[in-house]
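Asks: My structure is in target.pdb, and what it holds is PDB, C-alpha atoms:
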ATOM      1  CA  MET A   1      23.220   5.467  32.370
ATOM      2  CA  GLY A   2      19.438   5.848  32.771
ATOM      3  CA  GLU A   3      16.716   3.616  31.425
ATOM      4  CA  THR A   4      16.658   3.137  27.679
ATOM      5  CA  ASN A   5      14.436   1.756  24.953
ATOM      6  CA  LYS A   6      15.505   0.660  21.476
ATOM      7  CA  LEU A   7      15.129   2.522  18.199
ATOM      8  CA  VAL A   8      15.490   0.250  15.160
ATOM      9  CA  ALA A   9      15.811   1.442  11.562
ATOM     10  CA  LEU A  10      15.113  -0.991   8.731
ATOM     11  CA  ILE A  11      16.323   0.416   5.398
ATOM     12  CA  PHE A  12      14.561  -0.916   2.282
ATOM     13  CA  LYS A  13      15.629  -0.438  -1.331
ATOM     14  CA  GLU A  14      12.438   0.593  -3.054
ATOM     15  CA  ALA A  15      11.901  -0.210  -6.728
ATOM     16  CA  ALA A  16      11.522   2.754  -9.075
ATOM     17  CA  ARG A  17       7.995   3.011 -10.439
ATOM     18  CA  THR A  18       7.175   4.700 -13.705
ATOM     19  CA  GLY A  19       4.070   5.742 -15.552
ATOM     20  CA  VAL A  20       3.573   9.396 -14.696
ATOM     21  CA  TYR A  21       4.665  11.841 -17.364
ATOM     22  CA  ASP A  22       5.529  15.490 -17.030
ATOM     23  CA  GLN A  23       4.423  18.137 -19.527
ATOM     24  CA  ARG A  24       7.664  17.889 -21.468
ATOM     25  CA  ALA A  25       6.786  14.299 -22.359
ATOM     26  CA  GLU A  26       3.735  15.542 -24.255
ATOM     27  CA  GLN A  27       6.084  17.698 -26.315
ATOM     28  CA  GLY A  28       8.326  14.730 -27.059
ATOM     29  CA  GLN A  29      11.046  15.981 -24.734
ATOM     30  CA  GLY A  30      10.668  13.701 -21.737
ATOM     31  CA  VAL A  31      10.100  10.206 -20.453
ATOM     32  CA  ALA A  32       8.187   8.710 -17.574
ATOM     33  CA  VAL A  33       8.975  10.212 -14.190
ATOM     34  CA  SER A  34       9.874   7.813 -11.394
ATOM     35  CA  ILE A  35       7.790   7.981  -8.245
ATOM     36  CA  ALA A  36       9.382   7.243  -4.856
ATOM     37  CA  GLU A  37       6.901   5.662  -2.454
ATOM     38  CA  PRO A  38       7.750   3.412   0.496
ATOM     39  CA  TYR A  39       5.961   0.276  -0.750
ATOM     40  CA  LEU A  40       8.372  -2.240   0.780
ATOM     41  CA  ALA A  41       8.450  -0.469   4.133
ATOM     42  CA  MET A  42       4.644  -0.213   4.167
ATOM     43  CA  GLY A  43       4.388  -3.925   3.366
ATOM     44  CA  ALA A  44       6.781  -4.780   6.185
ATOM     45  CA  LEU A  45       4.873  -2.598   8.621
ATOM     46  CA  ASP A  46       1.597  -4.204   7.586
ATOM     47  CA  GLU A  47       3.078  -7.634   8.280
ATOM     48  CA  ILE A  48       4.442  -6.476  11.640
ATOM     49  CA  GLU A  49       1.029  -5.119  12.634
ATOM     50  CA  LYS A  50      -0.621  -8.408  11.703
ATOM     51  CA  LYS A  51       1.936 -10.926  12.927
ATOM     52  CA  ALA A  52       3.863  -9.332  15.790
ATOM     53  CA  LYS A  53       1.437 -10.592  18.410
ATOM     54  CA  GLU A  54       1.484 -14.067  16.880
ATOM     55  CA  ALA A  55       5.277 -14.006  17.176
ATOM     56  CA  ASP A  56       4.955 -12.795  20.797
ATOM     57  CA  VAL A  57       6.656  -9.521  19.862
ATOM     58  CA  GLU A  58       5.623  -6.144  21.281
ATOM     59  CA  ILE A  59       6.297  -2.936  19.351
ATOM     60  CA  LYS A  60       5.692   0.455  20.988
ATOM     61  CA  ASP A  61       5.265   2.431  17.795
ATOM     62  CA  ALA A  62       6.657   2.898  14.292
ATOM     63  CA  VAL A  63       6.883   5.359  11.422
ATOM     64  CA  ILE A  64       8.064   5.237   7.812
ATOM     65  CA  ALA A  65      10.457   7.859   6.447
ATOM     66  CA  PHE A  66      11.456   8.037   2.804
ATOM     67  CA  LYS A  67      13.190  10.360   0.384
ATOM     68  CA  THR A  68      11.436  11.413  -2.799
ATOM     69  CA  ASP A  69      13.178  11.658  -6.161
ATOM     70  CA  GLU A  70      13.408  15.408  -5.509
ATOM     71  CA  GLY A  71      15.296  14.761  -2.270
ATOM     72  CA  ARG A  72      12.452  15.728   0.114
ATOM     73  CA  ILE A  73      12.029  13.666   3.273
ATOM     74  CA  LYS A  74       8.467  12.504   3.914
ATOM     75  CA  ILE A  75       6.960  10.417   6.674
ATOM     76  CA  ARG A  76       4.029   8.047   6.768
ATOM     77  CA  GLN A  77       2.586   7.709  10.251
ATOM     78  CA  THR A  78       1.105   4.531  11.627
ATOM     79  CA  LYS A  79      -1.853   3.685  13.748
ATOM     80  CA  ASP A  80      -1.281   3.009  17.443
ATOM     81  CA  MET A  81       0.297  -0.436  17.405
ATOM     82  CA  THR A  82      -0.452  -1.243  21.032
ATOM     83  CA  THR A  83      -4.128  -0.208  21.336
ATOM     84  CA  GLY A  84      -3.543   2.962  23.286
ATOM     85  CA  LYS A  85      -0.197   2.315  24.965
ATOM     86  CA  GLY A  86       2.768   4.387  23.849
ATOM     87  CA  ALA A  87       1.125   6.034  20.859
ATOM     88  CA  ARG A  88       3.223   8.793  19.328
ATOM     89  CA  ARG A  89       1.972  12.044  17.860
ATOM     90  CA  GLY A  90       3.224  13.067  14.467
ATOM     91  CA  GLY A  91       5.326  15.726  16.148
ATOM     92  CA  PHE A  92       7.304  13.124  18.065
ATOM     93  CA  TRP A  93       8.253  11.160  14.964
ATOM     94  CA  GLY A  94       8.816  14.296  12.928
ATOM     95  CA  LEU A  95      11.379  15.458  15.482
ATOM     96  CA  VAL A  96      13.053  12.041  15.602
ATOM     97  CA  VAL A  97      13.329  12.027  11.808
ATOM     98  CA  GLY A  98      14.531  15.631  11.898
ATOM     99  CA  PHE A  99      17.279  14.854  14.390
ATOM    100  CA  ILE A 100      18.400  11.804  12.404
ATOM    101  CA  LEU A 101      18.212  13.305   8.922
ATOM    102  CA  GLY A 102      18.530  17.023   9.625
ATOM    103  CA  GLY A 103      16.440  19.647   7.912
ATOM    104  CA  PRO A 104      14.458  22.831   8.567
ATOM    105  CA  VAL A 105      12.634  21.467  11.621
ATOM    106  CA  LEU A 106      15.781  21.819  13.713
ATOM    107  CA  GLY A 107      16.067  25.444  12.619
ATOM    108  CA  VAL A 108      12.482  25.976  13.750
ATOM    109  CA  LEU A 109      13.361  24.623  17.187
ATOM    110  CA  ALA A 110      16.245  27.050  17.501
ATOM    111  CA  GLY A 111      14.021  29.920  16.368
ATOM    112  CA  LEU A 112      11.531  29.093  19.101
ATOM    113  CA  GLY A 113      14.263  29.008  21.723
ATOM    114  CA  LEU A 114      13.719  25.280  22.231
ATOM    115  CA  GLY A 115      16.711  23.958  20.325
ATOM    116  CA  ALA A 116      19.475  24.302  22.901
ATOM    117  CA  ILE A 117      17.742  22.762  25.908
ATOM    118  CA  ALA A 118      15.872  20.007  24.076
ATOM    119  CA  GLY A 119      18.783  19.383  21.735
ATOM    120  CA  ARG A 120      21.173  18.592  24.572
ATOM    121  CA  ARG A 121      18.753  16.133  26.153
ATOM    122  CA  ILE A 122      17.955  14.481  22.836
ATOM    123  CA  ASP A 123      21.555  14.402  21.600
ATOM    124  CA  HIS A 124      22.584  12.554  24.732
ATOM    125  CA  GLY A 125      19.821  10.041  24.148
ATOM    126  CA  LEU A 126      20.527   9.210  20.477
ATOM    127  CA  ASP A 127      23.661   7.482  19.271
ATOM    128  CA  ASP A 128      25.767   9.522  16.828
ATOM    129  CA  GLU A 129      26.859   6.438  14.883
ATOM    130  CA  PHE A 130      23.234   5.346  14.430
ATOM    131  CA  ILE A 131      22.306   8.819  13.156
ATOM    132  CA  SER A 132      25.249   8.822  10.742
ATOM    133  CA  LYS A 133      24.507   5.355   9.338
ATOM    134  CA  VAL A 134      20.782   5.920   8.885
ATOM    135  CA  SER A 135      21.219   9.349   7.301
ATOM    136  CA  LYS A 136      23.792   7.964   4.840
ATOM    137  CA  SER A 137      21.604   4.951   3.997
ATOM    138  CA  LEU A 138      18.399   6.865   3.312
ATOM    139  CA  LYS A 139      18.724   7.899  -0.332
ATOM    140  CA  PRO A 140      16.129   8.456  -3.051
ATOM    141  CA  ARG A 141      14.213   5.227  -3.696
ATOM    142  CA  THR A 142      14.955   3.898  -0.251
ATOM    143  CA  SER A 143      12.757   3.966   2.828
ATOM    144  CA  ALA A 144      13.336   3.640   6.555
ATOM    145  CA  LEU A 145      10.935   1.855   8.858
ATOM    146  CA  LEU A 146      11.703   3.273  12.309
ATOM    147  CA  VAL A 147      10.494   1.084  15.150
ATOM    148  CA  LEU A 148      10.406   1.967  18.848
ATOM    149  CA  ILE A 149      10.692  -0.986  21.240
ATOM    150  CA  ASP A 150      10.574  -1.272  25.024
ATOM    151  CA  GLU A 151      13.895  -2.479  26.442
ATOM    152  CA  GLU A 152      12.199  -5.469  28.077
ATOM    153  CA  HIS A 153      10.891  -6.688  24.705
ATOM    154  CA  ALA A 154      13.917  -5.702  22.645
ATOM    155  CA  GLU A 155      15.634  -9.074  22.259
ATOM    156  CA  GLY A 156      12.634 -10.877  20.766
ATOM    157  CA  ALA A 157      11.507  -7.909  18.694
ATOM    158  CA  ILE A 158      14.925  -7.320  17.144
ATOM    159  CA  ALA A 159      15.260 -11.016  16.304
ATOM    160  CA  TYR A 160      11.871 -10.836  14.570
ATOM    161  CA  LEU A 161      12.765  -7.663  12.662
ATOM    162  CA  LYS A 162      15.918  -9.348  11.352
ATOM    163  CA  SER A 163      13.658 -11.657   9.338
ATOM    164  CA  PHE A 164      12.914  -8.799   6.924
ATOM    165  CA  ASN A 165      15.130  -8.310   3.892
ATOM    166  CA  ALA A 166      16.451  -4.926   4.967
ATOM    167  CA  GLU A 167      19.576  -3.203   6.248
ATOM    168  CA  MET A 168      19.192  -2.861  10.026
ATOM    169  CA  HIS A 169      20.578  -0.303  12.466
ATOM    170  CA  VAL A 170      19.825  -0.342  16.210
ATOM    171  CA  SER A 171      20.326   2.355  18.825
ATOM    172  CA  ASP A 172      19.470   2.928  22.443
ATOM    173  CA  ILE A 173      17.175   5.885  22.988
ATOM    174  CA  SER A 174      17.050   7.113  26.553
ATOM    175  CA  LYS A 175      13.703   7.655  28.194
ATOM    176  CA  GLU A 176      14.919  11.160  29.042
ATOM    177  CA  ALA A 177      15.337  11.834  25.316
ATOM    178  CA  GLU A 178      11.870  10.406  24.603
ATOM    179  CA  GLU A 179      10.375  12.674  27.241
ATOM    180  CA  ALA A 180      12.239  15.682  25.829
ATOM    181  CA  ILE A 181      10.960  14.943  22.316
ATOM    182  CA  ASP A 182       7.401  14.483  23.594
ATOM    183  CA  GLU A 183       7.652  17.757  25.498
ATOM    184  CA  VAL A 184       8.838  19.752  22.484
ATOM    185  CA  ALA A 185       6.409  17.996  20.127
ATOM    186  CA  GLY A 186       3.529  19.282  22.238
ATOM    187  CA  ASP A 187       4.330  22.846  21.212
ATOM    188  CA  GLU A 188       1.852  23.920  18.510
ATOM    189  CA  PRO A 189       4.358  25.824  16.295
ATOM    190  CA  VAL A 190       6.636  22.760  16.351
ATOM    191  CA  ALA A 191       3.765  20.458  15.383
ATOM    192  CA  GLN A 192       2.854  22.800  12.515
ATOM    193  CA  ALA A 193       6.475  22.957  11.326
ATOM    194  CA  VAL A 194       6.747  19.170  11.378
ATOM    195  CA  GLU A 195       3.543  18.781   9.377
ATOM    196  CA  ALA A 196       4.682  21.394   6.845
ATOM    197  CA  GLU A 197       8.066  19.708   6.398
ATOM    198  CA  PHE A 198       7.196  16.010   6.437
ATOM    199  CA  GLY A 199       3.459  15.819   5.716
ATOM    200  CA  ALA A 200       1.898  14.364   2.597
ATOM    201  CA  GLU A 201       1.833  16.518  -0.486
TER     202      GLU A 201
END
Rewrite the coordinates I just gave you, this time as structure tokens.

Replies:
Amino acid sequence: MGETNKLVALIFKEAARTGVYDQRAEQGQGVAVSIAEPYLAMGALDEIEKKAKEADVEIKDAVIAFKTDEGRIKIRQTKDMTTGKGARRGGFWGLVVGFILGGPVLGVLAGLGLGAIAGRRIDHGLDDEFISKVSKSLKPRTSALLVLIDEEHAEGAIAYLKSFNAEMHVSDISKEAEEAIDEVAGDEPVAQAVEAEFGAE
């Protein structure tokens, strides 16, 4: 097997937040509408960004994925966590989330003629059990903090990530798969499709 890095998913149970009313509420027909936002995952990421170096832990990059009350998957991108090394474009993480959770982005790849070639390389680089567990765990009012870690730093980083109160899943991700995702993500129509599917409202 070729060289691999680690992809870690921390699944947080987000509290329902209320206070926004729809128009029916004004007519006495409704109640407050819950808002799904990844507050716990964002708090964990903020702590990782601040304390990882203190804990002698190196993280390549990370992204937050969450499911809204309407069932839409959204992502919140992060800043470069390693001051220029290993930064990931939104397209990269959008494709990773798409492959894990499914959705229209994969159909876009097939429509562009990129799905078969890239899909084979990526499928061989992502563990099916990891994909299954993460996709089943990510429900409305939960969030997933996806963290990419170099193999050489994996042991210490994973031990540190276990300190968070979250369900954890870990998978190898081959460098070949990373390169394939990067390659496809550089295609402008793919980047636009990812932004349309996962971008902020």

Asks: Might you pull out every residue within 7 Å of Asp150 (chain A), with all atoms listed in the file counted and same-chain residues fewer than 5 positions away left off, and present them as a ChimeraX atom specification?

Replies: /A:5-6,60

Asks: On this structure, which residues satisfy the PyMOL selection byres ((chain A and resi 52-58) around 9), written as a PyMOL selection string?

Replies: chain A and resi 47-51+59-60+81-82+149-150+153-154+156-158+160

Asks: Any idea what the distance is between CA of Gln192 (chain A) and CA of Gly91 (chain A)?

Replies: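 Result for CA of Gln192 (chain A) versus CA of Gly91 (chain A): 8.3 Å, one decimal.
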
Asks: As a list in words, please: the residues near Ala185 (chain A) (cut-off 7 Å, only C-alpha atoms, same-chain neighbours under 3 positions excluded).

Replies: Gly91, Phe92, Ile181, Asp182, Val190 and Ala191 of chain A

Asks: Just how far from CA of Ile100 (chain A) is CA of Ala177 (chain A), in Å to one decimal?

Replies: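 Between these atoms lies a distance of 13.3 Å.
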
Asks: To test your reading of the syntax: which residues would the PyMOL selection byres ((chain A and resi 194) around 8) return for the file shown? Reply as number ranges by chain.

Replies: A: 90-91, 94-95, 105, 190-193, 195-199

Asks: Keeping only C-alpha atoms, write the selected residues to a file as a PDB file, in the coordinates of the input.

Replies:
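Written output follows (selection.pdb):
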ATOM      1  CA  GLY A  90       3.224  13.067  14.467  1.00  0.00           C
ATOM      2  CA  GLY A  91       5.326  15.726  16.148  1.00  0.00           C
ATOM      3  CA  GLY A  94       8.816  14.296  12.928  1.00  0.00           C
ATOM      4  CA  LEU A  95      11.379  15.458  15.482  1.00  0.00           C
ATOM      5  CA  VAL A 105      12.634  21.467  11.621  1.00  0.00           C
ATOM      6  CA  VAL A 190       6.636  22.760  16.351  1.00  0.00           C
ATOM      7  CA  ALA A 191       3.765  20.458  15.383  1.00  0.00           C
ATOM      8  CA  GLN A 192       2.854  22.800  12.515  1.00  0.00           C
ATOM      9  CA  ALA A 193       6.475  22.957  11.326  1.00  0.00           C
ATOM     10  CA  GLU A 195       3.543  18.781   9.377  1.00  0.00           C
ATOM     11  CA  ALA A 196       4.682  21.394   6.845  1.00  0.00           C
ATOM     12  CA  GLU A 197       8.066  19.708   6.398  1.00  0.00           C
ATOM     13  CA  PHE A 198       7.196  16.010   6.437  1.00  0.00           C
ATOM     14  CA  GLY A 199       3.459  15.819   5.716  1.00  0.00           C
TER      15      GLY A 199
END

Asks: If you count all atoms listed in the file, which residues fall within 12 Å of Leu138 (chain A), apart from same-chain ones fewer than 3 positions away, as number ranges by chain?

Replies: A: 9-14, 38, 64-69, 71-74, 97, 100-102, 131-135, 141-146, 167-169
